[in-house]
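File shown: structure_39.txt (compact mmCIF, C-alpha atoms and all ligand atoms).
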```txt
# COMPACT_ATOMS: atom_id res chain seq x y z
CA MET A 1 -15.80 -10.57 -42.67
CA ALA A 2 -13.81 -12.54 -45.22
CA THR A 3 -12.66 -10.57 -48.24
CA LEU A 4 -10.64 -11.87 -51.17
CA GLU A 5 -9.08 -9.02 -53.10
CA ILE A 6 -7.42 -9.43 -56.47
CA ARG A 7 -5.64 -6.30 -57.67
CA ASP A 8 -4.28 -5.68 -61.17
CA LEU A 9 -3.18 -9.31 -61.42
CA HIS A 10 -0.85 -10.24 -64.27
CA VAL A 11 0.02 -13.91 -64.72
CA SER A 12 2.28 -15.70 -67.20
CA VAL A 13 2.85 -19.34 -68.06
CA GLY A 14 6.09 -20.82 -69.35
CA ASP A 15 9.47 -19.27 -68.74
CA GLY A 16 12.16 -17.39 -70.59
CA GLU A 17 11.56 -17.03 -74.32
CA SER A 18 8.33 -19.05 -74.22
CA ALA A 19 6.72 -17.08 -71.38
CA LYS A 20 3.25 -15.94 -72.33
CA GLU A 21 1.12 -13.44 -70.45
CA ILE A 22 -2.33 -14.91 -69.86
CA LEU A 23 -3.88 -12.61 -67.26
CA ARG A 24 -3.55 -8.97 -68.19
CA GLY A 25 -4.71 -7.02 -65.18
CA VAL A 26 -7.57 -8.61 -63.24
CA ASP A 27 -9.38 -6.69 -60.49
CA LEU A 28 -11.95 -8.51 -58.40
CA THR A 29 -13.21 -8.38 -54.82
CA VAL A 30 -15.22 -11.22 -53.29
CA LYS A 31 -16.72 -10.55 -49.87
CA ALA A 32 -18.40 -12.80 -47.35
CA GLY A 33 -22.03 -13.34 -48.25
CA GLU A 34 -21.44 -12.76 -51.95
CA THR A 35 -21.55 -15.14 -54.87
CA HIS A 36 -19.61 -14.05 -57.94
CA ALA A 37 -19.72 -15.80 -61.28
CA ILE A 38 -16.85 -15.52 -63.74
CA MET A 39 -18.01 -16.42 -67.21
CA GLY A 40 -16.29 -16.34 -70.54
CA PRO A 41 -15.21 -18.16 -73.65
CA ASN A 42 -12.76 -21.06 -73.62
CA GLY A 43 -9.16 -19.92 -73.40
CA SER A 44 -9.99 -16.55 -71.86
CA GLY A 45 -7.93 -17.24 -68.71
CA LYS A 46 -10.59 -18.28 -66.21
CA SER A 47 -8.73 -21.37 -65.01
CA THR A 48 -5.46 -19.44 -65.00
CA LEU A 49 -7.00 -17.09 -62.44
CA ALA A 50 -8.00 -20.06 -60.26
CA TYR A 51 -4.56 -21.68 -60.57
CA ALA A 52 -2.77 -18.43 -59.77
CA VAL A 53 -4.88 -17.91 -56.65
CA ALA A 54 -4.26 -21.57 -55.73
CA GLY A 55 -0.49 -21.12 -56.04
CA HIS A 56 0.06 -23.61 -58.88
CA PRO A 57 3.80 -23.58 -59.67
CA LYS A 58 3.26 -23.37 -63.46
CA TYR A 59 1.64 -19.95 -63.18
CA THR A 60 3.87 -16.97 -62.44
CA VAL A 61 2.38 -13.82 -61.00
CA THR A 62 4.38 -11.07 -62.68
CA SER A 63 2.59 -8.18 -60.97
CA GLY A 64 -0.44 -7.33 -58.90
CA ALA A 65 -1.70 -8.57 -55.55
CA VAL A 66 -4.02 -11.14 -54.00
CA THR A 67 -5.04 -10.73 -50.38
CA LEU A 68 -7.41 -12.53 -48.03
CA ASP A 69 -8.51 -10.30 -45.18
CA GLY A 70 -5.49 -8.15 -45.90
CA GLU A 71 -3.02 -11.07 -45.74
CA ASP A 72 -0.75 -11.58 -48.73
CA VAL A 73 -1.98 -14.78 -50.36
CA LEU A 74 0.81 -14.82 -52.94
CA ALA A 75 3.39 -15.11 -50.16
CA MET A 76 1.65 -18.19 -48.72
CA SER A 77 2.35 -21.85 -49.48
CA VAL A 78 -0.53 -23.89 -50.89
CA ASP A 79 -1.22 -25.33 -47.40
CA GLU A 80 -1.15 -21.88 -45.82
CA ARG A 81 -3.71 -20.69 -48.34
CA ALA A 82 -6.03 -23.51 -47.30
CA ARG A 83 -5.46 -22.77 -43.63
CA ALA A 84 -6.20 -19.09 -44.22
CA GLY A 85 -9.63 -20.12 -45.50
CA LEU A 86 -9.26 -20.40 -49.26
CA PHE A 87 -10.68 -23.41 -51.03
CA LEU A 88 -9.90 -24.03 -54.68
CA ALA A 89 -11.57 -26.75 -56.68
CA MET A 90 -9.75 -27.33 -59.92
CA GLN A 91 -11.09 -28.06 -63.37
CA TYR A 92 -8.58 -30.92 -63.72
CA PRO A 93 -7.93 -32.51 -60.30
CA VAL A 94 -4.87 -34.75 -59.97
CA GLU A 95 -5.13 -38.51 -59.51
CA VAL A 96 -3.39 -39.92 -56.46
CA PRO A 97 -3.35 -43.72 -56.62
CA GLY A 98 -3.03 -45.36 -53.20
CA VAL A 99 -4.52 -42.42 -51.28
CA SER A 100 -8.16 -43.01 -50.43
CA VAL A 101 -10.77 -40.29 -50.47
CA SER A 102 -11.20 -40.79 -46.74
CA ASN A 103 -7.46 -40.39 -46.00
CA PHE A 104 -7.22 -37.41 -48.29
CA LEU A 105 -10.16 -35.72 -46.57
CA ARG A 106 -8.71 -36.44 -43.15
CA SER A 107 -5.35 -34.87 -43.98
CA ALA A 108 -7.03 -31.90 -45.65
CA VAL A 109 -9.22 -31.37 -42.58
CA THR A 110 -6.17 -31.74 -40.33
CA ALA A 111 -4.21 -29.19 -42.38
CA VAL A 112 -7.04 -26.66 -42.29
CA ARG A 113 -8.06 -27.10 -38.64
CA GLY A 114 -4.52 -27.42 -37.34
CA GLU A 115 -5.27 -30.69 -35.53
CA ALA A 116 -6.35 -34.16 -36.54
CA PRO A 117 -10.08 -34.77 -36.04
CA LYS A 118 -11.00 -37.65 -33.73
CA LEU A 119 -11.54 -40.74 -35.87
CA ARG A 120 -15.07 -41.51 -34.75
CA GLU A 121 -16.26 -37.91 -35.12
CA PHE A 122 -14.53 -37.61 -38.47
CA ALA A 123 -16.24 -40.79 -39.69
CA LYS A 124 -19.62 -39.41 -38.59
CA GLU A 125 -18.97 -36.05 -40.19
CA THR A 126 -17.86 -37.69 -43.44
CA LYS A 127 -20.90 -39.94 -43.54
CA ALA A 128 -23.30 -37.03 -42.99
CA ALA A 129 -21.63 -34.97 -45.71
CA MET A 130 -21.64 -37.91 -48.11
CA ASP A 131 -25.30 -38.67 -47.40
CA ALA A 132 -26.21 -35.04 -48.12
CA LEU A 133 -24.51 -35.33 -51.50
CA SER A 134 -25.99 -38.76 -52.31
CA ILE A 135 -22.51 -40.29 -52.44
CA ASP A 136 -22.22 -44.07 -52.03
CA PRO A 137 -20.38 -44.91 -48.76
CA ALA A 138 -17.92 -47.13 -50.70
CA PHE A 139 -16.64 -43.97 -52.39
CA ALA A 140 -14.63 -43.10 -49.27
CA GLN A 141 -12.30 -46.05 -49.93
CA ARG A 142 -11.64 -45.24 -53.59
CA SER A 143 -8.23 -43.93 -54.71
CA LEU A 144 -8.24 -40.17 -55.04
CA ASN A 145 -9.63 -39.10 -58.43
CA GLU A 146 -8.52 -42.40 -60.00
CA GLY A 147 -11.10 -43.41 -62.56
CA PHE A 148 -13.59 -40.91 -61.13
CA SER A 149 -16.39 -40.01 -63.47
CA GLY A 150 -17.01 -36.32 -64.10
CA GLY A 151 -19.90 -36.39 -61.66
CA GLU A 152 -17.84 -38.15 -58.96
CA LYS A 153 -15.08 -35.54 -59.25
CA LYS A 154 -17.55 -32.74 -58.80
CA ARG A 155 -19.34 -34.39 -55.89
CA HIS A 156 -15.96 -34.93 -54.28
CA GLU A 157 -15.18 -31.22 -54.63
CA ILE A 158 -18.41 -30.32 -52.88
CA LEU A 159 -17.73 -32.95 -50.23
CA GLN A 160 -14.44 -31.18 -49.50
CA LEU A 161 -16.29 -27.87 -49.35
CA GLU A 162 -18.70 -29.27 -46.77
CA MET A 163 -15.90 -30.72 -44.67
CA LEU A 164 -13.33 -27.92 -44.90
CA LYS A 165 -15.74 -25.00 -44.45
CA PRO A 166 -13.51 -22.40 -46.10
CA LYS A 167 -14.17 -18.64 -46.01
CA ILE A 168 -13.88 -18.22 -49.76
CA ALA A 169 -14.49 -21.02 -52.25
CA VAL A 170 -13.20 -20.79 -55.81
CA LEU A 171 -14.93 -23.39 -57.96
CA ASP A 172 -13.62 -23.88 -61.48
CA GLU A 173 -16.11 -25.47 -63.89
CA THR A 174 -17.81 -27.38 -61.11
CA ASP A 175 -20.75 -27.81 -63.46
CA SER A 176 -18.97 -29.26 -66.48
CA GLY A 177 -19.82 -32.83 -67.36
CA LEU A 178 -22.75 -33.06 -64.96
CA ASP A 179 -26.14 -34.40 -65.90
CA VAL A 180 -29.14 -32.47 -64.57
CA ASP A 181 -29.54 -34.59 -61.42
CA ALA A 182 -25.86 -34.30 -60.48
CA LEU A 183 -25.95 -30.58 -61.27
CA LYS A 184 -28.81 -30.17 -58.79
CA VAL A 185 -27.02 -32.13 -56.05
CA VAL A 186 -23.81 -30.17 -56.56
CA SER A 187 -25.66 -26.83 -56.69
CA GLU A 188 -27.56 -27.66 -53.52
CA GLY A 189 -24.21 -28.46 -51.88
CA ILE A 190 -22.79 -25.08 -52.90
CA ASN A 191 -25.93 -23.33 -51.67
CA ARG A 192 -25.90 -25.24 -48.38
CA PHE A 193 -22.29 -24.23 -47.86
CA HIS A 194 -22.89 -20.58 -48.74
CA ASP A 195 -26.34 -20.02 -47.18
CA GLY A 196 -25.41 -21.96 -44.05
CA ASP A 197 -22.71 -19.48 -43.13
CA PRO A 198 -23.03 -15.76 -43.88
CA GLU A 199 -19.25 -15.48 -43.51
CA THR A 200 -18.55 -17.38 -46.71
CA GLY A 201 -18.05 -16.12 -50.24
CA VAL A 202 -18.16 -18.03 -53.52
CA LEU A 203 -16.35 -17.44 -56.79
CA LEU A 204 -17.92 -19.68 -59.38
CA ILE A 205 -16.08 -20.02 -62.68
CA THR A 206 -18.18 -21.35 -65.51
CA HIS A 207 -18.48 -21.34 -69.26
CA TYR A 208 -22.19 -22.17 -69.15
CA THR A 209 -25.13 -20.27 -67.65
CA ARG A 210 -26.88 -23.53 -66.69
CA ILE A 211 -25.57 -23.77 -63.09
CA LEU A 212 -26.62 -20.16 -62.46
CA ARG A 213 -30.23 -21.29 -62.48
CA TYR A 214 -29.48 -23.14 -59.25
CA VAL A 215 -26.67 -21.09 -57.72
CA LYS A 216 -27.75 -17.46 -57.88
CA PRO A 217 -24.87 -15.04 -58.37
CA ASP A 218 -24.94 -11.53 -56.93
CA PHE A 219 -22.39 -10.40 -59.50
CA VAL A 220 -21.43 -11.65 -62.95
CA HIS A 221 -18.06 -10.87 -64.55
CA VAL A 222 -17.23 -11.59 -68.15
CA PHE A 223 -13.68 -12.69 -68.92
CA ALA A 224 -12.10 -12.28 -72.33
CA GLY A 225 -8.46 -12.11 -73.32
CA GLY A 226 -7.27 -12.44 -69.72
CA ARG A 227 -9.25 -9.51 -68.37
CA ILE A 228 -12.68 -8.69 -67.03
CA VAL A 229 -14.41 -6.91 -69.90
CA GLU A 230 -17.92 -6.58 -68.47
CA GLN A 231 -19.59 -6.72 -65.07
CA GLY A 232 -23.16 -6.76 -63.93
CA GLY A 233 -25.79 -8.43 -61.80
CA PRO A 234 -27.51 -11.76 -62.38
CA GLU A 235 -29.31 -10.35 -65.42
CA LEU A 236 -25.97 -10.34 -67.27
CA ALA A 237 -26.02 -14.15 -67.22
CA ASP A 238 -29.33 -14.08 -69.10
CA VAL A 239 -27.87 -11.74 -71.70
CA LEU A 240 -24.93 -14.14 -72.16
CA GLU A 241 -27.28 -17.09 -72.42
CA ASN A 242 -29.04 -15.39 -75.33
CA GLU A 243 -26.17 -13.63 -77.04
CA GLY A 244 -23.08 -15.73 -76.30
CA TYR A 245 -19.58 -14.35 -75.91
CA GLU A 246 -18.87 -13.24 -79.43
CA LYS A 247 -18.86 -9.50 -78.87
CA TYR A 248 -16.63 -9.88 -75.80
CA VAL A 249 -14.10 -12.01 -77.65
CA LYS A 250 -13.55 -9.05 -79.96
CA ALA A 251 -13.44 -6.62 -77.04
CA GLY A 252 -10.86 -8.70 -75.16
CA ALA A 253 -8.51 -9.29 -78.07
P1 LIG B 1 -10.20 -20.93 -69.65
O1 LIG B 1 -10.21 -21.59 -68.32
O2 LIG B 1 -10.91 -19.61 -69.67
O3 LIG B 1 -10.70 -21.82 -70.74
P2 LIG B 1 -7.30 -21.06 -69.40
O4 LIG B 1 -6.95 -20.22 -68.23
O5 LIG B 1 -7.32 -22.53 -69.22
O6 LIG B 1 -8.68 -20.55 -70.03
O7 LIG B 1 -6.30 -20.74 -70.59
C1 LIG B 1 -6.04 -19.42 -71.04
C2 LIG B 1 -4.93 -19.43 -72.06
O8 LIG B 1 -3.72 -19.77 -71.43
C3 LIG B 1 -5.12 -20.43 -73.18
O9 LIG B 1 -4.67 -19.84 -74.38
C4 LIG B 1 -4.23 -21.57 -72.79
O10 LIG B 1 -3.76 -22.27 -73.92
C5 LIG B 1 -3.11 -20.89 -72.05
N1 LIG B 1 -2.55 -21.73 -70.98
C6 LIG B 1 -3.15 -22.03 -69.81
N2 LIG B 1 -2.39 -22.84 -69.06
C7 LIG B 1 -1.27 -23.06 -69.78
C8 LIG B 1 -0.07 -23.80 -69.55
N3 LIG B 1 0.13 -24.48 -68.42
N4 LIG B 1 0.88 -23.78 -70.51
C9 LIG B 1 0.69 -23.09 -71.67
N5 LIG B 1 -0.41 -22.36 -71.94
C10 LIG B 1 -1.37 -22.33 -71.01
MG MG B 2 -25.17 -14.75 -50.62
MG MG B 3 -10.91 -23.40 -67.66
```
Can the structure in the file be given as structure tokens, please?
Amino acid sequence: MATLEIRDLHVSVGDGESAKEILRGVDLTVKAGETHAIMGPNGSGKSTLAYAVAGHPKYTVTSGAVTLDGEDVLAMSVDERARAGLFLAMQYPVEVPGVSVSNFLRSAVTAVRGEAPKLREFAKETKAAMDALSIDPAFAQRSLNEGFSGGEKKRHEILQLEMLKPKIAVLDETDSGLDVDALKVVSEGINRFHDGDPETGVLLITHYTRILRYVKPDFVHVFAGGRIVEQGGPELADVLENEGYEKYVKAGA
């Protein structure tokens, strides 16, 4: 049973004089079988949480703990985190000219599985995953994230999810910039990943309630001022849809 545990997490950006605390004590547990949504206003620290869990060097964990099945995630390298079963899709993925999607996927799969997949099987697997996401086969030869449209970036994230089969997936603003058709394809991909394996958990970070019509959360957490200020079930998303974040912005300040 995969469990991601975040305990009293404090995270800063910048160093020395300019260091600024962004996360001010986050507690969250995501278990296999569960879908959690983190919602909140812009600038509340949602992406900072994802980056800190991903091990991004710009984000310094000043106190608190993150564990996956009891293992200390914060002590792991980025690759070790992936191998342990964490998948993190970032709001702003990096562009890597000269590395094709196909090569990137193959090295990611190799890193996670601990051995290189056989070429023919890998090609088959990639094609099936791309078909399921309505991705044009030519996409596999494109340079990683270079000139990708918003929709292509998001489909690529879900393609990685399908191929890497992590235990816990953290998806940051996977829905932003998607038209309704792309949103459906991406949501179906997330649902296929999650429903297809009861051992997987999803942490979906989003500013908008729209994607929650397709990906049903079991728990909704509201972020404001670098902390969780409210928690509830799926009905909380409906409240947010109607009332916005205004009252939480005040509460989190
Ligand atoms: P959200 O994803 O909820 O919109 P972020 O985590 O991106 O929020 O940002 C939270 C706060 O941290 C913002 O005030 C933002 O300006 C600040 N911040 C985030 N990353 C950095 C960074 N690398 N350098 C300086 N400030 C940052
Ligand atoms: Mg579930
Ligand atoms: Mg963000």
Which residues form the shell of 10 Å around ligand LIG 1 (chain B) when you count only C-alpha atoms and all ligand atoms, given as a ChimeraX atom specification?
-> /A:11-15,18-23,38-52,56-59,91,172-173,205-207,223-226
Keeping only C-alpha atoms, take the residues you just selected and write them out as a JSON list (two decimals), in the frame of the given file.
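Final file, result.json:
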```json
[["chain", "number", "residue", "atom", "x", "y", "z"],
["A", 11, "VAL", "CA", 0.02, -13.91, -64.72],
["A", 12, "SER", "CA", 2.28, -15.70, -67.20],
["A", 13, "VAL", "CA", 2.85, -19.34, -68.06],
["A", 14, "GLY", "CA", 6.09, -20.82, -69.35],
["A", 15, "ASP", "CA", 9.47, -19.27, -68.74],
["A", 18, "SER", "CA", 8.33, -19.05, -74.22],
["A", 19, "ALA", "CA", 6.72, -17.08, -71.38],
["A", 20, "LYS", "CA", 3.25, -15.94, -72.33],
["A", 21, "GLU", "CA", 1.12, -13.44, -70.45],
["A", 22, "ILE", "CA", -2.33, -14.91, -69.86],
["A", 23, "LEU", "CA", -3.88, -12.61, -67.26],
["A", 38, "ILE", "CA", -16.85, -15.52, -63.74],
["A", 39, "MET", "CA", -18.01, -16.42, -67.21],
["A", 40, "GLY", "CA", -16.29, -16.34, -70.54],
["A", 41, "PRO", "CA", -15.21, -18.16, -73.65],
["A", 42, "ASN", "CA", -12.76, -21.06, -73.62],
["A", 43, "GLY", "CA", -9.16, -19.92, -73.40],
["A", 44, "SER", "CA", -9.99, -16.55, -71.86],
["A", 45, "GLY", "CA", -7.93, -17.24, -68.71],
["A", 46, "LYS", "CA", -10.59, -18.28, -66.21],
["A", 47, "SER", "CA", -8.73, -21.37, -65.01],
["A", 48, "THR", "CA", -5.46, -19.44, -65.00],
["A", 49, "LEU", "CA", -7.00, -17.09, -62.44],
["A", 50, "ALA", "CA", -8.00, -20.06, -60.26],
["A", 51, "TYR", "CA", -4.56, -21.68, -60.57],
["A", 52, "ALA", "CA", -2.77, -18.43, -59.77],
["A", 56, "HIS", "CA", 0.06, -23.61, -58.88],
["A", 57, "PRO", "CA", 3.80, -23.58, -59.67],
["A", 58, "LYS", "CA", 3.26, -23.37, -63.46],
["A", 59, "TYR", "CA", 1.64, -19.95, -63.18],
["A", 91, "GLN", "CA", -11.09, -28.06, -63.37],
["A", 172, "ASP", "CA", -13.62, -23.88, -61.48],
["A", 173, "GLU", "CA", -16.11, -25.47, -63.89],
["A", 205, "ILE", "CA", -16.08, -20.02, -62.68],
["A", 206, "THR", "CA", -18.18, -21.35, -65.51],
["A", 207, "HIS", "CA", -18.48, -21.34, -69.26],
["A", 223, "PHE", "CA", -13.68, -12.69, -68.92],
["A", 224, "ALA", "CA", -12.10, -12.28, -72.33],
["A", 225, "GLY", "CA", -8.46, -12.11, -73.32],
["A", 226, "GLY", "CA", -7.27, -12.44, -69.72]]
```
Output as a Markdown table one row per residue of chain A within 9 Å of ligand MG 2 (chain B): the closest atom pair and its distance in Å to one decimal place, counting all atoms listed in the file, sorted by chain and residue number ascending.
```
| residue | atom | partner | partner_atom | distance |
| --- | --- | --- | --- | --- |
| A:Ala32 | CA | B:MG2 | MG | 7.8 |
| A:Gly33 | CA | B:MG2 | MG | 4.2 |
| A:Glu34 | CA | B:MG2 | MG | 4.4 |
| A:Thr35 | CA | B:MG2 | MG | 5.6 |
| A:Asn191 | CA | B:MG2 | MG | 8.7 |
| A:His194 | CA | B:MG2 | MG | 6.5 |
| A:Asp195 | CA | B:MG2 | MG | 6.4 |
| A:Pro198 | CA | B:MG2 | MG | 7.1 |
| A:Thr200 | CA | B:MG2 | MG | 8.1 |
| A:Gly201 | CA | B:MG2 | MG | 7.3 |
| A:Val202 | CA | B:MG2 | MG | 8.3 |
| A:Lys216 | CA | B:MG2 | MG | 8.2 |
| A:Pro217 | CA | B:MG2 | MG | 7.8 |
| A:Asp218 | CA | B:MG2 | MG | 7.1 |
```
Calculate how many Å separate atom CA of A:Arg192 from atom CA of A:Glu235, rounding to one decimal.
->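 Those two atoms sit 22.9 Å apart.
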Using only C-alpha atoms, can you list as a PDB file with C-alpha atoms, in the frame of the given file the residues within 7 Å of (-12.4, -39.3, -43.5)?
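Resulting contents of selection_33.pdb:
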```
ATOM      1  CA  SER A 102     -11.200 -40.790 -46.740  1.00  0.00           C
ATOM      2  CA  ASN A 103      -7.460 -40.390 -46.000  1.00  0.00           C
ATOM      3  CA  LEU A 105     -10.160 -35.720 -46.570  1.00  0.00           C
ATOM      4  CA  ARG A 106      -8.710 -36.440 -43.150  1.00  0.00           C
ATOM      5  CA  PHE A 122     -14.530 -37.610 -38.470  1.00  0.00           C
ATOM      6  CA  ALA A 123     -16.240 -40.790 -39.690  1.00  0.00           C
ATOM      7  CA  THR A 126     -17.860 -37.690 -43.440  1.00  0.00           C
TER       8      THR A 126
END
```
Excluding A:Gly64 and any residue of its chain fewer than 4 positions from it, enumerate the residues within 10 Å of it, using all atoms listed in the file, and give them as a PyMOL selection string.
-> chain A and resi 6-11+24-27+74
Measure the distance from atom CA of A:Met1 to atom CA of A:Glu199 in Å and round it to one decimal.
-> 6.1 Å
Smallest atom-to-atom distance to A:Gly70: which of A:Leu240, A:Ala2, A:Gly150, A:Lys184, using all atoms listed in the file?
->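 For A:Gly70, the nearest of the given residues is A:Ala2.
Minimum atom-to-atom distances from A:Ala89, A:Leu178, A:Val185, A:Val229 to A:Gln160 were compared using only C-alpha atoms, and the lowest value belongs to A:Ala89.
Straight-line separation from atom CA of A:Ile211 to atom CA of A:Arg227: 22.3 Å.
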Please return the centre and edge lengths, in Å to one decimal, of a box with edges along x, y and z that contains all listed atoms of stretch 176-183 of chain A, widened by 8 Å on every side, as lines of an AutoDock Vina configuration file.
```
center_x = -24.3
center_y = -31.9
center_z = -63.9
size_x = 26.6
size_y = 21.3
size_z = 22.9
```
If you count all atoms listed in the file, the residue of A:Glu125, A:Asp175, A:Glu95, A:Asp197 closest to ligand MG 3 (chain B) turns out to be A:Asp175
Could you tell me which of A:Gly196, A:Asp72, A:Lys167, A:Ile158 comes closest to A:Gly85 if we count all atoms listed in the file?
-> A:Lys167
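For the choices A:Ser100, A:Glu243, A:Arg210, A:Gln231, the atom-to-atom distance to A:Ala138 is smallest for A:Ser100 when using only C-alpha atoms.
Minimum atom-to-atom distances from A:Thr174, A:Arg213, A:Gly147, A:Tyr245 to ligand MG 3 (chain B) were compared using all atoms listed in the file, and the lowest value belongs to A:Thr174.
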Could you give me, as a short mmCIF file (atom, residue, chain, number, x, y, z; two decimals) with C-alpha atoms, in the coordinates of the input, the residues within 7 Å of stretch 96-99 of chain A, counting all atoms listed in the file and dropping anything in the same chain fewer than 3 positions from it?
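Written out: out_10.cif:
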```
data_model
loop_
_atom_site.label_atom_id
_atom_site.label_comp_id
_atom_site.auth_asym_id
_atom_site.auth_seq_id
_atom_site.Cartn_x
_atom_site.Cartn_y
_atom_site.Cartn_z
CA ASN A 103 -7.46 -40.39 -46.00
CA PHE A 104 -7.22 -37.41 -48.29
CA SER A 143 -8.23 -43.93 -54.71
CA LEU A 144 -8.24 -40.17 -55.04
CA ASN A 145 -9.63 -39.10 -58.43
CA GLU A 146 -8.52 -42.40 -60.00
#
```
Starting from the incomplete input, reconstruct N, CA and C atoms of stretch 183-203 of chain A and write that as a PDB file, in the coordinates of the input.
```
ATOM      1  N   LEU A 183     -26.067 -32.039 -61.330  1.00  0.00           N
ATOM      2  CA  LEU A 183     -25.950 -30.580 -61.270  1.00  0.00           C
ATOM      3  C   LEU A 183     -26.761 -30.028 -60.093  1.00  0.00           C
ATOM      4  N   LYS A 184     -27.950 -30.605 -59.900  1.00  0.00           N
ATOM      5  CA  LYS A 184     -28.810 -30.170 -58.790  1.00  0.00           C
ATOM      6  C   LYS A 184     -28.170 -30.493 -57.444  1.00  0.00           C
ATOM      7  N   VAL A 185     -27.645 -31.715 -57.316  1.00  0.00           N
ATOM      8  CA  VAL A 185     -27.020 -32.130 -56.050  1.00  0.00           C
ATOM      9  C   VAL A 185     -25.826 -31.233 -55.737  1.00  0.00           C
ATOM     10  N   VAL A 186     -25.000 -30.992 -56.752  1.00  0.00           N
ATOM     11  CA  VAL A 186     -23.810 -30.170 -56.560  1.00  0.00           C
ATOM     12  C   VAL A 186     -24.204 -28.722 -56.234  1.00  0.00           C
ATOM     13  N   SER A 187     -25.202 -28.201 -56.946  1.00  0.00           N
ATOM     14  CA  SER A 187     -25.660 -26.830 -56.690  1.00  0.00           C
ATOM     15  C   SER A 187     -26.220 -26.687 -55.279  1.00  0.00           C
ATOM     16  N   GLU A 188     -26.998 -27.687 -54.879  1.00  0.00           N
ATOM     17  CA  GLU A 188     -27.560 -27.660 -53.520  1.00  0.00           C
ATOM     18  C   GLU A 188     -26.436 -27.653 -52.482  1.00  0.00           C
ATOM     19  N   GLY A 189     -25.375 -28.422 -52.783  1.00  0.00           N
ATOM     20  CA  GLY A 189     -24.210 -28.460 -51.880  1.00  0.00           C
ATOM     21  C   GLY A 189     -23.557 -27.092 -51.771  1.00  0.00           C
ATOM     22  N   ILE A 190     -23.388 -26.422 -52.903  1.00  0.00           N
ATOM     23  CA  ILE A 190     -22.790 -25.080 -52.900  1.00  0.00           C
ATOM     24  C   ILE A 190     -23.692 -24.125 -52.115  1.00  0.00           C
ATOM     25  N   ASN A 191     -24.991 -24.217 -52.359  1.00  0.00           N
ATOM     26  CA  ASN A 191     -25.930 -23.330 -51.670  1.00  0.00           C
ATOM     27  C   ASN A 191     -25.970 -23.598 -50.165  1.00  0.00           C
ATOM     28  N   ARG A 192     -25.892 -24.877 -49.807  1.00  0.00           N
ATOM     29  CA  ARG A 192     -25.900 -25.240 -48.380  1.00  0.00           C
ATOM     30  C   ARG A 192     -24.671 -24.659 -47.700  1.00  0.00           C
ATOM     31  N   PHE A 193     -23.538 -24.787 -48.378  1.00  0.00           N
ATOM     32  CA  PHE A 193     -22.290 -24.230 -47.860  1.00  0.00           C
ATOM     33  C   PHE A 193     -22.414 -22.711 -47.688  1.00  0.00           C
ATOM     34  N   HIS A 194     -22.885 -22.051 -48.726  1.00  0.00           N
ATOM     35  CA  HIS A 194     -22.890 -20.580 -48.740  1.00  0.00           C
ATOM     36  C   HIS A 194     -23.993 -20.020 -47.830  1.00  0.00           C
ATOM     37  N   ASP A 195     -25.217 -20.553 -47.963  1.00  0.00           N
ATOM     38  CA  ASP A 195     -26.340 -20.020 -47.180  1.00  0.00           C
ATOM     39  C   ASP A 195     -26.226 -20.383 -45.709  1.00  0.00           C
ATOM     40  N   GLY A 196     -25.532 -21.502 -45.444  1.00  0.00           N
ATOM     41  CA  GLY A 196     -25.410 -21.960 -44.050  1.00  0.00           C
ATOM     42  C   GLY A 196     -24.479 -21.097 -43.222  1.00  0.00           C
ATOM     43  N   ASP A 197     -23.657 -20.311 -43.870  1.00  0.00           N
ATOM     44  CA  ASP A 197     -22.710 -19.480 -43.130  1.00  0.00           C
ATOM     45  C   ASP A 197     -22.549 -18.141 -43.835  1.00  0.00           C
ATOM     46  N   PRO A 198     -23.075 -17.080 -43.236  1.00  0.00           N
ATOM     47  CA  PRO A 198     -23.030 -15.760 -43.880  1.00  0.00           C
ATOM     48  C   PRO A 198     -21.598 -15.234 -44.040  1.00  0.00           C
ATOM     49  N   GLU A 199     -20.643 -15.913 -43.424  1.00  0.00           N
ATOM     50  CA  GLU A 199     -19.250 -15.480 -43.510  1.00  0.00           C
ATOM     51  C   GLU A 199     -18.514 -16.049 -44.717  1.00  0.00           C
ATOM     52  N   THR A 200     -19.232 -16.766 -45.585  1.00  0.00           N
ATOM     53  CA  THR A 200     -18.550 -17.380 -46.710  1.00  0.00           C
ATOM     54  C   THR A 200     -18.856 -16.662 -48.028  1.00  0.00           C
ATOM     55  N   GLY A 201     -17.880 -16.681 -48.905  1.00  0.00           N
ATOM     56  CA  GLY A 201     -18.050 -16.120 -50.240  1.00  0.00           C
ATOM     57  C   GLY A 201     -17.728 -17.178 -51.288  1.00  0.00           C
ATOM     58  N   VAL A 202     -18.352 -17.041 -52.455  1.00  0.00           N
ATOM     59  CA  VAL A 202     -18.160 -18.030 -53.520  1.00  0.00           C
ATOM     60  C   VAL A 202     -17.762 -17.335 -54.817  1.00  0.00           C
ATOM     61  N   LEU A 203     -16.725 -17.874 -55.449  1.00  0.00           N
ATOM     62  CA  LEU A 203     -16.350 -17.440 -56.790  1.00  0.00           C
ATOM     63  C   LEU A 203     -16.519 -18.639 -57.707  1.00  0.00           C
TER      64      LEU A 203
END
```
